[in-house]
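> Below is the file final.txt, which contains compact mmCIF, C-alpha atoms and all ligand atoms.
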```
# COMPACT_ATOMS: atom_id res chain seq x y z
CA MET A 28 -7.80 22.91 -6.17
CA ARG A 29 -6.49 25.45 -3.64
CA LEU A 30 -2.81 25.04 -2.89
CA ARG A 31 -2.57 27.08 0.31
CA ASP A 32 -3.95 26.15 3.74
CA THR A 33 -7.15 27.86 4.92
CA ALA A 34 -7.20 29.13 8.52
CA GLU A 35 -8.89 25.87 9.64
CA GLU A 36 -6.34 23.75 7.80
CA GLN A 37 -3.51 25.71 9.32
CA ALA A 38 -4.97 25.10 12.78
CA PHE A 39 -5.30 21.39 11.97
CA ARG A 40 -1.67 21.28 10.79
CA HIS A 41 -0.40 22.98 13.96
CA GLN A 42 -2.42 20.79 16.26
CA LEU A 43 -1.19 17.64 14.49
CA ARG A 44 2.41 18.85 14.47
CA ALA A 45 2.26 19.49 18.23
CA TRP A 46 0.80 16.04 18.82
CA LEU A 47 3.52 14.40 16.70
CA ASP A 48 6.28 16.36 18.50
CA GLU A 49 4.93 15.16 21.82
CA THR A 50 4.13 11.55 20.79
CA LEU A 51 6.99 10.38 18.57
CA PRO A 52 9.69 10.51 21.28
CA THR A 53 7.56 8.19 23.41
CA LEU A 54 7.37 5.40 20.80
CA PRO A 55 9.09 2.08 21.52
CA PRO A 56 12.22 1.20 19.48
CA THR A 57 11.57 -0.08 15.95
CA PRO A 58 11.26 -3.88 15.84
CA PRO A 59 14.17 -6.12 14.78
CA PHE A 60 14.45 -7.08 11.09
CA GLU A 61 12.17 -10.03 10.24
CA ASP A 62 10.52 -10.22 13.68
CA TRP A 63 6.96 -10.21 12.35
CA PRO A 64 5.05 -10.50 15.66
CA ALA A 65 7.11 -7.55 16.98
CA LYS A 66 6.45 -5.63 13.76
CA ARG A 67 2.74 -6.28 14.09
CA ALA A 68 2.80 -5.04 17.70
CA TYR A 69 4.72 -1.90 16.67
CA ASP A 70 2.48 -1.05 13.70
CA THR A 71 -0.78 -1.73 15.52
CA GLY A 72 0.52 0.19 18.55
CA TRP A 73 0.99 3.23 16.30
CA GLN A 74 -2.51 2.75 14.86
CA ARG A 75 -3.86 2.64 18.42
CA ARG A 76 -2.20 5.96 19.25
CA LEU A 77 -3.67 7.52 16.11
CA PHE A 78 -7.07 6.21 17.16
CA GLU A 79 -6.83 7.56 20.69
CA ALA A 80 -5.80 10.99 19.39
CA GLY A 81 -8.64 11.07 16.81
CA TYR A 82 -6.45 10.66 13.73
CA ALA A 83 -7.35 7.07 12.73
CA GLY A 84 -9.30 6.62 9.49
CA ILE A 85 -8.53 10.20 8.64
CA SER A 86 -10.63 10.25 5.47
CA TRP A 87 -13.16 7.61 6.48
CA PRO A 88 -16.72 8.86 7.01
CA LYS A 89 -17.53 9.88 10.61
CA GLU A 90 -20.48 7.46 10.70
CA TYR A 91 -17.99 4.57 10.40
CA GLY A 92 -15.71 5.90 13.13
CA GLY A 93 -13.34 7.88 10.90
CA ARG A 94 -12.42 11.53 11.23
CA GLY A 95 -14.30 12.55 8.07
CA ALA A 96 -11.42 14.86 7.12
CA THR A 97 -11.49 16.82 3.86
CA PRO A 98 -9.06 15.73 1.10
CA SER A 99 -6.81 18.68 1.96
CA GLU A 100 -6.72 17.64 5.62
CA GLU A 101 -5.87 14.08 4.60
CA LEU A 102 -2.90 15.36 2.61
CA ILE A 103 -1.83 17.59 5.51
CA PHE A 104 -1.98 14.52 7.74
CA LEU A 105 0.21 12.53 5.35
CA GLU A 106 2.64 15.41 4.84
CA GLU A 107 3.06 16.11 8.54
CA THR A 108 3.43 12.47 9.60
CA GLN A 109 6.11 11.94 6.95
CA ARG A 110 7.87 15.22 7.78
CA ALA A 111 8.06 14.20 11.40
CA GLY A 112 9.32 10.70 10.55
CA ALA A 113 6.26 8.98 12.05
CA PRO A 114 5.89 5.19 11.53
CA TYR A 115 4.62 3.90 8.19
CA VAL A 116 1.25 2.19 8.01
CA GLY A 117 3.10 -1.19 7.76
CA CYS A 118 1.03 -4.25 8.68
CA ASN A 119 -2.09 -2.04 8.63
CA PHE A 120 -1.74 -1.34 4.91
CA VAL A 121 -4.51 -3.67 3.68
CA SER A 122 -6.90 -3.02 6.57
CA THR A 123 -6.76 0.77 6.66
CA LEU A 124 -6.07 1.56 3.00
CA HIS A 125 -8.25 -0.86 1.05
CA ALA A 126 -10.13 -3.65 2.91
CA GLY A 127 -11.64 -1.18 5.41
CA PRO A 128 -12.66 1.36 2.75
CA THR A 129 -14.14 -1.49 0.63
CA ILE A 130 -16.24 -2.70 3.58
CA ALA A 131 -17.31 0.88 4.32
CA ALA A 132 -18.43 1.24 0.69
CA GLU A 133 -19.85 -2.23 -0.02
CA GLY A 134 -20.39 -4.04 3.31
CA THR A 135 -23.66 -4.59 5.18
CA PRO A 136 -24.33 -2.55 8.35
CA GLU A 137 -23.43 -5.67 10.38
CA GLN A 138 -20.11 -6.10 8.55
CA ARG A 139 -19.26 -2.43 9.05
CA ALA A 140 -20.04 -2.68 12.76
CA ARG A 141 -18.01 -5.89 13.15
CA TYR A 142 -14.90 -5.09 11.11
CA LEU A 143 -14.34 -1.34 10.92
CA PRO A 144 -13.87 -0.40 14.62
CA PRO A 145 -11.12 -3.04 15.23
CA ILE A 146 -9.27 -1.78 12.12
CA LEU A 147 -9.37 1.79 13.39
CA ARG A 148 -8.26 0.76 16.90
CA GLY A 149 -5.37 -1.33 15.51
CA ASP A 150 -6.82 -4.48 17.07
CA GLU A 151 -6.99 -6.50 13.85
CA VAL A 152 -4.67 -6.91 10.87
CA TRP A 153 -5.75 -7.87 7.34
CA CYS A 154 -4.10 -9.42 4.33
CA GLN A 155 -5.11 -9.66 0.69
CA GLY A 156 -5.68 -13.07 -0.93
CA PHE A 157 -6.21 -12.13 -4.55
CA SER A 158 -3.18 -13.34 -6.60
CA GLU A 159 -2.61 -16.98 -7.48
CA PRO A 160 0.30 -18.72 -9.24
CA GLU A 161 -1.64 -18.67 -12.55
CA ALA A 162 -3.65 -15.52 -11.89
CA GLY A 163 -1.79 -12.26 -11.27
CA SER A 164 -2.30 -9.68 -14.01
CA ASP A 165 -5.07 -11.86 -15.36
CA LEU A 166 -6.68 -12.03 -11.93
CA ALA A 167 -10.08 -13.06 -13.27
CA SER A 168 -8.57 -16.47 -14.17
CA LEU A 169 -8.29 -17.34 -10.48
CA ARG A 170 -9.09 -20.96 -9.65
CA THR A 171 -9.52 -21.08 -5.88
CA ARG A 172 -12.95 -22.70 -5.54
CA ALA A 173 -15.67 -21.87 -3.01
CA VAL A 174 -18.44 -24.46 -2.93
CA ARG A 175 -21.62 -23.70 -1.01
CA ASP A 176 -22.41 -26.12 1.83
CA GLY A 177 -25.38 -24.89 3.91
CA ASP A 178 -24.42 -21.67 5.68
CA HIS A 179 -20.78 -21.93 4.61
CA TYR A 180 -18.53 -21.94 1.60
CA VAL A 181 -15.88 -24.64 1.50
CA VAL A 182 -12.79 -23.05 -0.05
CA THR A 183 -9.87 -24.91 -1.62
CA GLY A 184 -6.99 -23.50 -3.65
CA GLN A 185 -3.70 -21.62 -3.51
CA LYS A 186 -2.88 -17.92 -3.12
CA ILE A 187 0.52 -16.32 -3.50
CA TRP A 188 2.32 -13.04 -2.66
CA THR A 189 0.02 -12.59 0.33
CA SER A 190 1.70 -9.74 2.22
CA HIS A 191 1.58 -9.99 6.05
CA ALA A 192 -0.39 -13.27 5.95
CA GLN A 193 1.66 -14.63 8.86
CA VAL A 194 0.35 -11.95 11.23
CA ALA A 195 -3.13 -11.29 9.78
CA ASP A 196 -6.48 -11.90 11.49
CA HIS A 197 -8.60 -11.64 8.32
CA CYS A 198 -8.06 -11.99 4.62
CA GLU A 199 -9.95 -10.22 1.82
CA LEU A 200 -10.31 -13.28 -0.39
CA LEU A 201 -11.41 -13.71 -4.01
CA ALA A 202 -12.75 -17.17 -4.82
CA ARG A 203 -14.62 -18.72 -7.72
CA THR A 204 -18.21 -19.49 -6.76
CA ASP A 205 -19.56 -20.24 -10.25
CA PRO A 206 -17.12 -22.17 -12.47
CA ASP A 207 -19.60 -22.21 -15.38
CA ALA A 208 -20.09 -18.45 -15.61
CA PRO A 209 -17.84 -16.21 -17.78
CA LYS A 210 -14.64 -15.74 -15.77
CA HIS A 211 -15.38 -12.20 -14.48
CA ARG A 212 -18.89 -13.17 -13.35
CA GLY A 213 -18.27 -16.22 -11.19
CA ILE A 214 -16.08 -14.61 -8.50
CA THR A 215 -17.01 -13.64 -4.93
CA TRP A 216 -15.22 -11.25 -2.49
CA MET A 217 -15.32 -12.73 1.02
CA ILE A 218 -13.76 -12.29 4.44
CA MET A 219 -11.70 -15.28 5.55
CA PRO A 220 -10.80 -15.52 9.26
CA MET A 221 -7.10 -16.44 9.29
CA ASP A 222 -7.52 -18.78 12.27
CA SER A 223 -9.85 -21.07 10.27
CA PRO A 224 -8.73 -24.71 10.05
CA GLY A 225 -7.22 -25.65 6.66
CA ILE A 226 -5.04 -22.55 6.08
CA ASP A 227 -1.32 -23.21 5.61
CA VAL A 228 0.80 -20.02 5.40
CA ARG A 229 4.37 -20.47 4.09
CA PRO A 230 6.51 -17.31 4.11
CA MET A 231 8.76 -16.59 1.08
CA ARG A 232 12.04 -14.68 1.23
CA THR A 233 12.58 -11.84 -1.26
CA LEU A 234 15.65 -10.13 -2.74
CA THR A 235 15.83 -7.73 0.22
CA GLY A 236 16.07 -10.65 2.64
CA GLU A 237 12.58 -10.09 4.04
CA SER A 238 9.71 -12.54 4.11
CA GLU A 239 6.85 -10.07 3.89
CA PHE A 240 4.87 -12.30 1.56
CA SER A 241 3.66 -15.85 1.84
CA GLU A 242 2.17 -18.61 -0.18
CA MET A 243 -1.20 -19.55 1.27
CA PHE A 244 -2.63 -23.03 0.75
CA LEU A 245 -6.36 -23.45 1.45
CA ASP A 246 -7.71 -26.93 2.09
CA GLU A 247 -11.48 -27.06 2.61
CA VAL A 248 -11.56 -23.86 4.64
CA ARG A 249 -15.10 -23.15 5.86
CA ILE A 250 -16.17 -19.51 5.51
CA PRO A 251 -19.63 -18.38 6.69
CA VAL A 252 -21.93 -17.15 3.91
CA GLY A 253 -22.43 -13.96 5.95
CA ASN A 254 -18.79 -13.07 5.21
CA VAL A 255 -19.50 -12.28 1.56
CA VAL A 256 -19.08 -8.59 0.77
CA GLY A 257 -21.40 -7.51 -2.05
CA ALA A 258 -23.31 -10.42 -3.59
CA GLU A 259 -22.29 -13.94 -4.58
CA ASN A 260 -20.66 -13.80 -8.05
CA ASP A 261 -20.42 -10.00 -7.86
CA GLY A 262 -16.84 -10.14 -6.54
CA TRP A 263 -15.16 -8.73 -9.64
CA ARG A 264 -17.06 -5.47 -9.28
CA VAL A 265 -16.21 -5.34 -5.54
CA ALA A 266 -12.53 -6.09 -6.36
CA MET A 267 -12.53 -3.07 -8.71
CA VAL A 268 -13.72 -0.95 -5.77
CA THR A 269 -10.78 -2.35 -3.73
CA PHE A 270 -8.32 -1.57 -6.56
CA GLY A 271 -9.68 1.97 -6.79
CA PHE A 272 -8.53 2.48 -3.19
CA GLU A 273 -5.33 0.45 -3.53
CA ARG A 274 -4.09 2.23 -6.65
CA GLY A 275 -5.67 5.55 -5.84
CA THR A 276 -4.34 7.04 -2.67
CA ALA A 277 -2.63 4.12 -0.95
CA PHE A 278 0.73 5.14 -2.45
CA VAL A 279 0.71 8.68 -1.08
CA SER A 280 2.87 7.90 1.96
CA GLU A 281 5.26 6.11 -0.41
CA LEU A 282 5.59 9.30 -2.46
CA LEU A 283 6.28 11.41 0.60
CA GLY A 284 8.77 8.81 1.78
CA SER A 285 10.59 9.17 -1.56
CA MET A 286 10.79 12.92 -1.03
CA ARG A 287 12.44 12.25 2.31
CA LEU A 288 14.89 9.80 0.72
CA LEU A 289 15.79 12.42 -1.89
CA THR A 290 16.53 15.06 0.77
CA ASP A 291 18.69 12.55 2.60
CA LEU A 292 20.50 11.64 -0.61
CA VAL A 293 21.29 15.28 -1.38
CA GLU A 294 22.82 15.56 2.08
CA ILE A 295 24.95 12.46 1.52
CA ALA A 296 26.01 13.76 -1.93
CA ARG A 297 27.10 17.12 -0.48
CA LYS A 298 29.31 15.45 2.12
CA GLY A 299 30.63 12.27 0.60
CA PRO A 300 31.29 9.79 -2.27
CA ALA A 301 31.08 9.35 -5.34
CA GLY A 302 34.49 9.63 -7.02
CA ALA A 303 38.08 10.02 -6.02
CA GLY A 304 38.91 13.32 -4.35
CA GLY A 305 35.64 15.28 -4.45
CA THR A 306 32.07 14.58 -3.38
CA ALA A 307 29.15 13.30 -5.44
CA TRP A 308 27.80 16.86 -5.47
CA ASP A 309 30.79 17.95 -7.58
CA ASP A 310 29.38 15.91 -10.44
CA ALA A 311 27.02 18.11 -12.50
CA GLY A 312 25.39 15.01 -13.98
CA ILE A 313 24.42 13.74 -10.52
CA ARG A 314 23.13 17.18 -9.49
CA ARG A 315 20.99 17.34 -12.63
CA GLU A 316 19.60 13.81 -12.04
CA LEU A 317 18.71 14.69 -8.44
CA ALA A 318 16.92 17.82 -9.65
CA VAL A 319 14.95 15.87 -12.29
CA VAL A 320 13.83 13.35 -9.66
CA GLY A 321 12.86 16.24 -7.36
CA ALA A 322 10.80 17.88 -10.12
CA GLU A 323 9.07 14.61 -10.97
CA LEU A 324 8.17 13.96 -7.33
CA ASP A 325 6.74 17.49 -7.10
CA ALA A 326 4.64 16.90 -10.21
CA GLN A 327 3.38 13.64 -8.72
CA TRP A 328 2.45 15.45 -5.53
CA ALA A 329 0.29 17.79 -7.64
CA LEU A 330 -1.26 14.75 -9.36
CA THR A 331 -1.92 13.24 -5.94
CA ARG A 332 -3.83 16.34 -4.88
CA ARG A 333 -5.93 16.02 -8.01
CA ASN A 334 -6.57 12.31 -7.40
CA VAL A 335 -7.48 12.86 -3.76
CA SER A 336 -9.98 15.58 -4.76
CA ARG A 337 -11.48 13.26 -7.33
CA ALA A 338 -11.68 10.42 -4.81
CA ALA A 339 -13.58 12.70 -2.44
CA ARG A 340 -16.19 13.35 -5.12
CA HIS A 341 -16.42 9.95 -6.83
CA GLY A 342 -15.34 7.48 -4.12
CA ASN A 343 -12.00 6.64 -5.77
CA ALA A 344 -9.28 8.14 -7.96
CA GLY A 345 -10.34 6.30 -11.14
CA VAL A 346 -7.75 6.05 -13.93
CA GLY A 347 -5.78 8.84 -12.19
CA GLY A 348 -4.63 6.15 -9.75
CA SER A 349 -3.09 4.13 -12.61
CA VAL A 350 -1.46 7.26 -14.10
CA PHE A 351 0.06 8.05 -10.72
CA LYS A 352 1.27 4.51 -10.06
CA LEU A 353 2.87 4.30 -13.50
CA ALA A 354 4.71 7.60 -13.19
CA TYR A 355 5.65 7.04 -9.56
CA HIS A 356 7.32 3.63 -9.93
CA GLU A 357 9.55 4.99 -12.71
CA THR A 358 10.64 7.97 -10.62
CA ARG A 359 11.25 5.81 -7.58
CA GLN A 360 13.47 3.49 -9.60
CA ARG A 361 15.31 6.46 -11.10
CA LEU A 362 15.83 7.80 -7.56
CA GLY A 363 17.33 4.42 -6.67
CA ASP A 364 19.65 4.56 -9.69
CA VAL A 365 20.94 8.02 -8.83
CA ALA A 366 21.35 6.91 -5.20
CA LEU A 367 23.69 4.16 -6.34
CA ARG A 368 25.70 6.70 -8.38
CA VAL A 369 25.92 8.98 -5.33
CA LEU A 370 27.14 6.14 -3.14
CA GLY A 371 29.91 5.27 -5.60
CA ARG A 372 31.78 2.11 -4.68
CA ALA A 373 30.02 1.94 -1.31
CA ARG A 374 26.94 0.67 -3.14
CA LEU A 375 28.64 -2.67 -3.65
CA ALA A 376 28.43 -3.49 0.04
CA LEU A 377 25.55 -4.00 2.39
CA ASP A 378 27.73 -3.07 5.35
CA ASP A 379 29.23 0.32 6.09
CA PRO A 380 32.56 0.90 4.41
CA THR A 381 32.34 4.72 4.23
CA GLY A 382 30.98 5.91 7.57
CA LEU A 383 27.54 6.60 6.06
CA SER A 384 26.05 4.14 8.57
CA SER A 385 22.48 2.90 8.26
CA ARG A 386 21.56 5.64 5.78
CA HIS A 387 23.83 4.06 3.20
CA LEU A 388 22.31 0.67 3.84
CA ASP A 389 18.86 2.16 3.51
CA HIS A 390 19.52 3.51 0.00
CA VAL A 391 20.89 0.17 -1.25
CA HIS A 392 17.95 -1.64 0.35
CA GLN A 393 15.51 0.90 -1.12
CA ARG A 394 16.91 0.39 -4.64
CA LEU A 395 16.27 -3.34 -4.36
CA TYR A 396 12.82 -2.77 -2.88
CA ALA A 397 11.91 -0.32 -5.70
CA LEU A 398 12.04 -3.21 -8.20
CA SER A 399 8.80 -4.50 -6.70
CA LEU A 400 6.93 -1.26 -7.42
CA SER A 401 6.56 -2.07 -11.11
CA ILE A 402 4.77 -5.29 -10.10
CA ALA A 403 2.82 -4.64 -6.88
CA ALA A 404 -0.84 -3.50 -7.14
CA GLY A 405 -0.91 -4.22 -10.89
CA THR A 406 2.17 -4.32 -13.14
CA ALA A 407 3.41 -1.35 -15.17
CA GLN A 408 2.28 -3.00 -18.42
CA VAL A 409 -1.19 -3.59 -17.04
CA GLN A 410 -1.42 0.04 -15.86
CA ARG A 411 -0.39 1.11 -19.38
CA ASN A 412 -3.23 -0.98 -20.81
CA ILE A 413 -5.69 0.70 -18.41
CA VAL A 414 -4.45 4.20 -19.24
CA GLY A 415 -4.42 3.40 -22.98
CA GLU A 416 -7.92 1.98 -23.05
CA ARG A 417 -9.79 3.99 -20.45
CA LEU A 418 -8.12 7.38 -20.64
CA LEU A 419 -6.73 7.62 -24.16
CA GLY A 420 -9.53 5.62 -25.81
CA LEU A 421 -7.13 3.31 -27.64
CA PRO A 422 -8.50 0.00 -29.00
CA LYS A 423 -9.04 -2.72 -26.42
CA GLU A 424 -6.41 -5.38 -25.81
CA ARG A 425 -7.51 -8.69 -27.36
C1 LIG B 501 5.48 -5.98 -3.08
C2 LIG B 501 4.33 -6.81 -3.57
C3 LIG B 501 3.28 -7.06 -2.71
C4 LIG B 501 2.20 -7.84 -3.14
N1 LIG B 501 1.20 -8.12 -2.24
C5 LIG B 501 0.16 -8.87 -2.64
C6 LIG B 501 -0.87 -9.21 -1.69
O1 LIG B 501 -0.79 -8.86 -0.50
N2 LIG B 501 -1.89 -9.96 -2.12
C7 LIG B 501 -2.01 -10.40 -3.42
O2 LIG B 501 -3.01 -11.03 -3.74
N3 LIG B 501 -1.04 -10.12 -4.34
C8 LIG B 501 0.05 -9.37 -3.97
N4 LIG B 501 1.05 -9.11 -4.88
C9 LIG B 501 0.99 -9.72 -6.20
C10 LIG B 501 0.77 -8.78 -7.36
O3 LIG B 501 -0.54 -8.27 -7.38
C11 LIG B 501 1.11 -9.58 -8.63
O4 LIG B 501 2.48 -9.92 -8.57
C12 LIG B 501 0.81 -8.78 -9.87
O5 LIG B 501 -0.55 -8.62 -10.07
C13 LIG B 501 1.43 -9.45 -11.13
O6 LIG B 501 1.06 -10.76 -11.24
P1 LIG B 501 2.13 -11.93 -11.48
O7 LIG B 501 3.22 -11.76 -10.48
O8 LIG B 501 1.40 -13.22 -11.54
O9 LIG B 501 2.78 -11.61 -12.91
P2 LIG B 501 2.14 -11.96 -14.33
O10 LIG B 501 0.73 -11.51 -14.37
O11 LIG B 501 2.42 -13.40 -14.64
O12 LIG B 501 2.97 -11.05 -15.29
C14 LIG B 501 4.25 -11.40 -15.83
C15 LIG B 501 4.66 -10.34 -16.83
O13 LIG B 501 3.73 -10.30 -17.96
C16 LIG B 501 3.20 -8.99 -18.13
N5 LIG B 501 1.80 -9.05 -18.56
C17 LIG B 501 0.83 -9.85 -18.03
N6 LIG B 501 -0.35 -9.59 -18.63
C18 LIG B 501 -0.13 -8.60 -19.53
C19 LIG B 501 -0.97 -7.91 -20.46
N7 LIG B 501 -2.27 -8.20 -20.54
N8 LIG B 501 -0.41 -6.94 -21.22
C20 LIG B 501 0.92 -6.66 -21.14
N9 LIG B 501 1.76 -7.29 -20.27
C21 LIG B 501 1.24 -8.26 -19.49
C22 LIG B 501 3.31 -8.34 -16.75
O14 LIG B 501 3.32 -6.94 -16.84
C23 LIG B 501 4.63 -8.91 -16.23
O15 LIG B 501 5.70 -8.18 -16.76
C24 LIG B 501 2.15 -8.36 -4.48
C25 LIG B 501 3.22 -8.11 -5.33
C26 LIG B 501 4.32 -7.36 -4.90
C27 LIG B 501 5.45 -7.13 -5.85
```
How does this structure look as structure tokens?


Amino acid sequence: MRLRDTAEEQAFRHQLRAWLDETLPTLPPTPPFEDWPAKRAYDTGWQRRLFEAGYAGISWPKEYGGRGATPSEELIFLEETQRAGAPYVGCNFVSTLHAGPTIAAEGTPEQRARYLPPILRGDEVWCQGFSEPEAGSDLASLRTRAVRDGDHYVVTGQKIWTSHAQVADHCELLARTDPDAPKHRGITWMIMPMDSPGIDVRPMRTLTGESEFSEMFLDEVRIPVGNVVGAENDGWRVAMVTFGFERGTAFVSELLGSMRLLTDLVEIARKGPAGAGGTAWDDAGIRRELAVVGAELDAQWALTRRNVSRAARHGNAGVGGSVFKLAYHETRQRLGDVALRVLGRARLALDDPTGLSSRHLDHVHQRLYALSLSIAAGTAQVQRNIVGERLLGLPKER
């Protein structure tokens, strides 16, 4: 893969940078902590601006309303938006990064026409109803039942860890349509309108104090048969397509965000804590740790470029997505550990004892948040199994 911009890419970068410089100062203030309707409005408002400027669905095919950008242009887009401090994808994570791409790849022409344009415009938000209390890593054991009744399925069961369920319009749902088939063969991927009667969403509070996820109880929810993506009982294969997108390139903004956190941390270290008398930067051990994290993030950026090129050719990043996710979560947690060393005693407080203001708070918050990265989108152990079996050719887990 080329590592330098071509003339066209340079022009694209400059045009985007100019647009960001002009647009970001006009954004409304960020929403208050835990105000989910305000967060939805903020995130979808940003998506709308991207759409109006021709940057929505950057890598989606043009025929489905995307920009049809090359992999290099997609990375330039992600680099420049992060560099400028543009909003994160937020509530649009599921819709733009995996439900939308799954519908583009597997949906009918009618489904593409119905669901893709509102995603690109920021009109509709999606959530993911895959995990259940007894089916996380072993997702194929899911028990939520969908029973055919004329033109509908009647769905009953319980989902858990459903991010953004409280503000979503649609849910990409996995349900069991054939209880007698082997467990991977009796599952169907379907679109559940979140305003259907029988859905009870109960937010759960996490360690960081946020309630981004919910439990979702489904009691005889009627879903039209036309909402199945792929075929009935073919949902496991469709879910693998979704995971290819979710684990493949959906973490790229995360990686760039970590690079920004590292730069910020170096600045804090040069000026302030850790120990008595000097600054954190005086500690050679801390400097070395910061450099190691920086080198690892750089290596993961190179891996990302490789994965994005592969995705452009094969539709998704394949096992490369698992390799990336595995390496990335470890680095992000190591970054959090060194952040706490840099902050010294200030890390013990969630207020501002040292004049570091919200940046200090952010690093403590980020360390807590980083714990979830070894679980979300498939746990570290499960990614190790995938890499062991599919990449290294080790014997299959029994
Ligand atoms: C931030 C975040 C957001 C999420 N958002 C969503 C969402 O929007 N929608 C959704 O459906 N889900 C979501 N999830 C759920 C996530 O997909 C599950 O938590 C994950 O798949 C693990 O499942 P589990 O929690 O049931 O843990 P379990 O599967 O019960 O795992 C428990 C432990 O056992 C280990 N283990 C399990 N099986 C194996 C094995 N075969 N080999 C070795 N070790 C194993 C695991 O690695 C883990 O350490 C989210 C999770 C997080 C953290």

> Output the neighbourhood of ligand LIG 501 (chain B) as a PyMOL selection string, that is, all protein and nucleic acid residues with some atom at most 9 Å from the ligand, counting only C-alpha atoms and all ligand atoms.

chain A and resi 121+154-166+186-192+199-201+239-241+396-412+424-425

> Any idea what the distance is between CA of Gly271 in chain A and CA of Val181 in chain A?

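So the two atoms, CA of Gly271 in chain A and CA of Val181 in chain A, lie 28.6 Å apart.
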
> What's the separation between CA of Thr331 in chain A and CA of Glu133 in chain A, in Å to one decimal place?

24.4 Å

> So, with only C-alpha atoms as the atoms that count, which of A:Gln193, A:Thr183, A:Ser223, A:Asn119 lies closest to Ser238 in chain A?

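Looking at the shortest contact to Ser238 in chain A, the residue is A:Gln193.
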
> Return the single residue from A:Pro145, A:Gly213, A:Gly321, A:Gly284 that is closest to Trp263 in chain A, with distances computed using only C-alpha atoms.

A:Gly213

> Between A:Ala195, A:Ala326, A:Leu47, A:Val369, which has the minimum distance to Val293 in chain A (counting all atoms listed in the file)?

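Checking each of A:Ala195, A:Ala326, A:Leu47, A:Val369 against Val293 in chain A, counting all atoms listed in the file, the winner is A:Val369.
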
> Using only C-alpha atoms, which residue out of A:Ala65, A:Ala344, A:Ala202, A:Ile413 lies closest to Glu273 in chain A?

A:Ala344

> Ranking A:Trp328, A:Phe78, A:Phe278, A:Tyr180 by minimum distance to Tyr115 in chain A and counting all atoms listed in the file, which one comes first?

A:Phe278

> Which is closest to Glu106 in chain A among A:Met221, A:Val279, A:Ala167, A:Ala68, if we use only C-alpha atoms?

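Smallest distance to Glu106 in chain A is found for A:Val279.
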
> Go ahead and compute the interatomic distance for CA of Arg139 in chain A and CA of Thr71 in chain A, in Å to one decimal.

19.6 Å

> Please write as number ranges by chain the list of polymer residues whose atoms come within 10 Å of (-9.1, -3.1, 5.9), counting all atoms listed in the file and keeping to the coordinates of the file.

A: 119-131, 142-143, 145-147, 151-155, 197-199, 269

> I need the chosen residues saved as a compact mmCIF listing (two decimals), in the frame of the given file, with C-alpha atoms.


```txt
# COMPACT_ATOMS: atom_id res chain seq x y z
CA ASN A 119 -2.09 -2.04 8.63
CA PHE A 120 -1.74 -1.34 4.91
CA VAL A 121 -4.51 -3.67 3.68
CA SER A 122 -6.90 -3.02 6.57
CA THR A 123 -6.76 0.77 6.66
CA LEU A 124 -6.07 1.56 3.00
CA HIS A 125 -8.25 -0.86 1.05
CA ALA A 126 -10.13 -3.65 2.91
CA GLY A 127 -11.64 -1.18 5.41
CA PRO A 128 -12.66 1.36 2.75
CA THR A 129 -14.14 -1.49 0.63
CA ILE A 130 -16.24 -2.70 3.58
CA ALA A 131 -17.31 0.88 4.32
CA TYR A 142 -14.90 -5.09 11.11
CA LEU A 143 -14.34 -1.34 10.92
CA PRO A 145 -11.12 -3.04 15.23
CA ILE A 146 -9.27 -1.78 12.12
CA LEU A 147 -9.37 1.79 13.39
CA GLU A 151 -6.99 -6.50 13.85
CA VAL A 152 -4.67 -6.91 10.87
CA TRP A 153 -5.75 -7.87 7.34
CA CYS A 154 -4.10 -9.42 4.33
CA GLN A 155 -5.11 -9.66 0.69
CA HIS A 197 -8.60 -11.64 8.32
CA CYS A 198 -8.06 -11.99 4.62
CA GLU A 199 -9.95 -10.22 1.82
CA THR A 269 -10.78 -2.35 -3.73
```

> Would you pick out the contacts of range 251-260 of chain A at 6 Å or less, using only C-alpha atoms, so that residues sharing its chain but fewer than 6 positions from it are not included, and give the list as a ChimeraX atom specification?

/A:133-134,178-179,212-218

> Could you list as an MDAnalysis selection string every residue that has an atom within 10 Å of (-14.7, -23.6, -3.9), using the file's coordinates and counting all atoms listed in the file?

chainID A and resid 170:176 180:184 202:206 245:249

> Output the selection as an mmCIF file, in the coordinates of the input - C-alpha atoms for each residue.


```cif
data_model
loop_
_atom_site.group_PDB
_atom_site.id
_atom_site.type_symbol
_atom_site.label_atom_id
_atom_site.label_comp_id
_atom_site.auth_asym_id
_atom_site.auth_seq_id
_atom_site.Cartn_x
_atom_site.Cartn_y
_atom_site.Cartn_z
ATOM 1 C CA ARG A 170 -9.090 -20.960 -9.650
ATOM 2 C CA THR A 171 -9.520 -21.080 -5.880
ATOM 3 C CA ARG A 172 -12.950 -22.700 -5.540
ATOM 4 C CA ALA A 173 -15.670 -21.870 -3.010
ATOM 5 C CA VAL A 174 -18.440 -24.460 -2.930
ATOM 6 C CA ARG A 175 -21.620 -23.700 -1.010
ATOM 7 C CA ASP A 176 -22.410 -26.120 1.830
ATOM 8 C CA TYR A 180 -18.530 -21.940 1.600
ATOM 9 C CA VAL A 181 -15.880 -24.640 1.500
ATOM 10 C CA VAL A 182 -12.790 -23.050 -0.050
ATOM 11 C CA THR A 183 -9.870 -24.910 -1.620
ATOM 12 C CA GLY A 184 -6.990 -23.500 -3.650
ATOM 13 C CA ALA A 202 -12.750 -17.170 -4.820
ATOM 14 C CA ARG A 203 -14.620 -18.720 -7.720
ATOM 15 C CA THR A 204 -18.210 -19.490 -6.760
ATOM 16 C CA ASP A 205 -19.560 -20.240 -10.250
ATOM 17 C CA PRO A 206 -17.120 -22.170 -12.470
ATOM 18 C CA LEU A 245 -6.360 -23.450 1.450
ATOM 19 C CA ASP A 246 -7.710 -26.930 2.090
ATOM 20 C CA GLU A 247 -11.480 -27.060 2.610
ATOM 21 C CA VAL A 248 -11.560 -23.860 4.640
ATOM 22 C CA ARG A 249 -15.100 -23.150 5.860
#
```
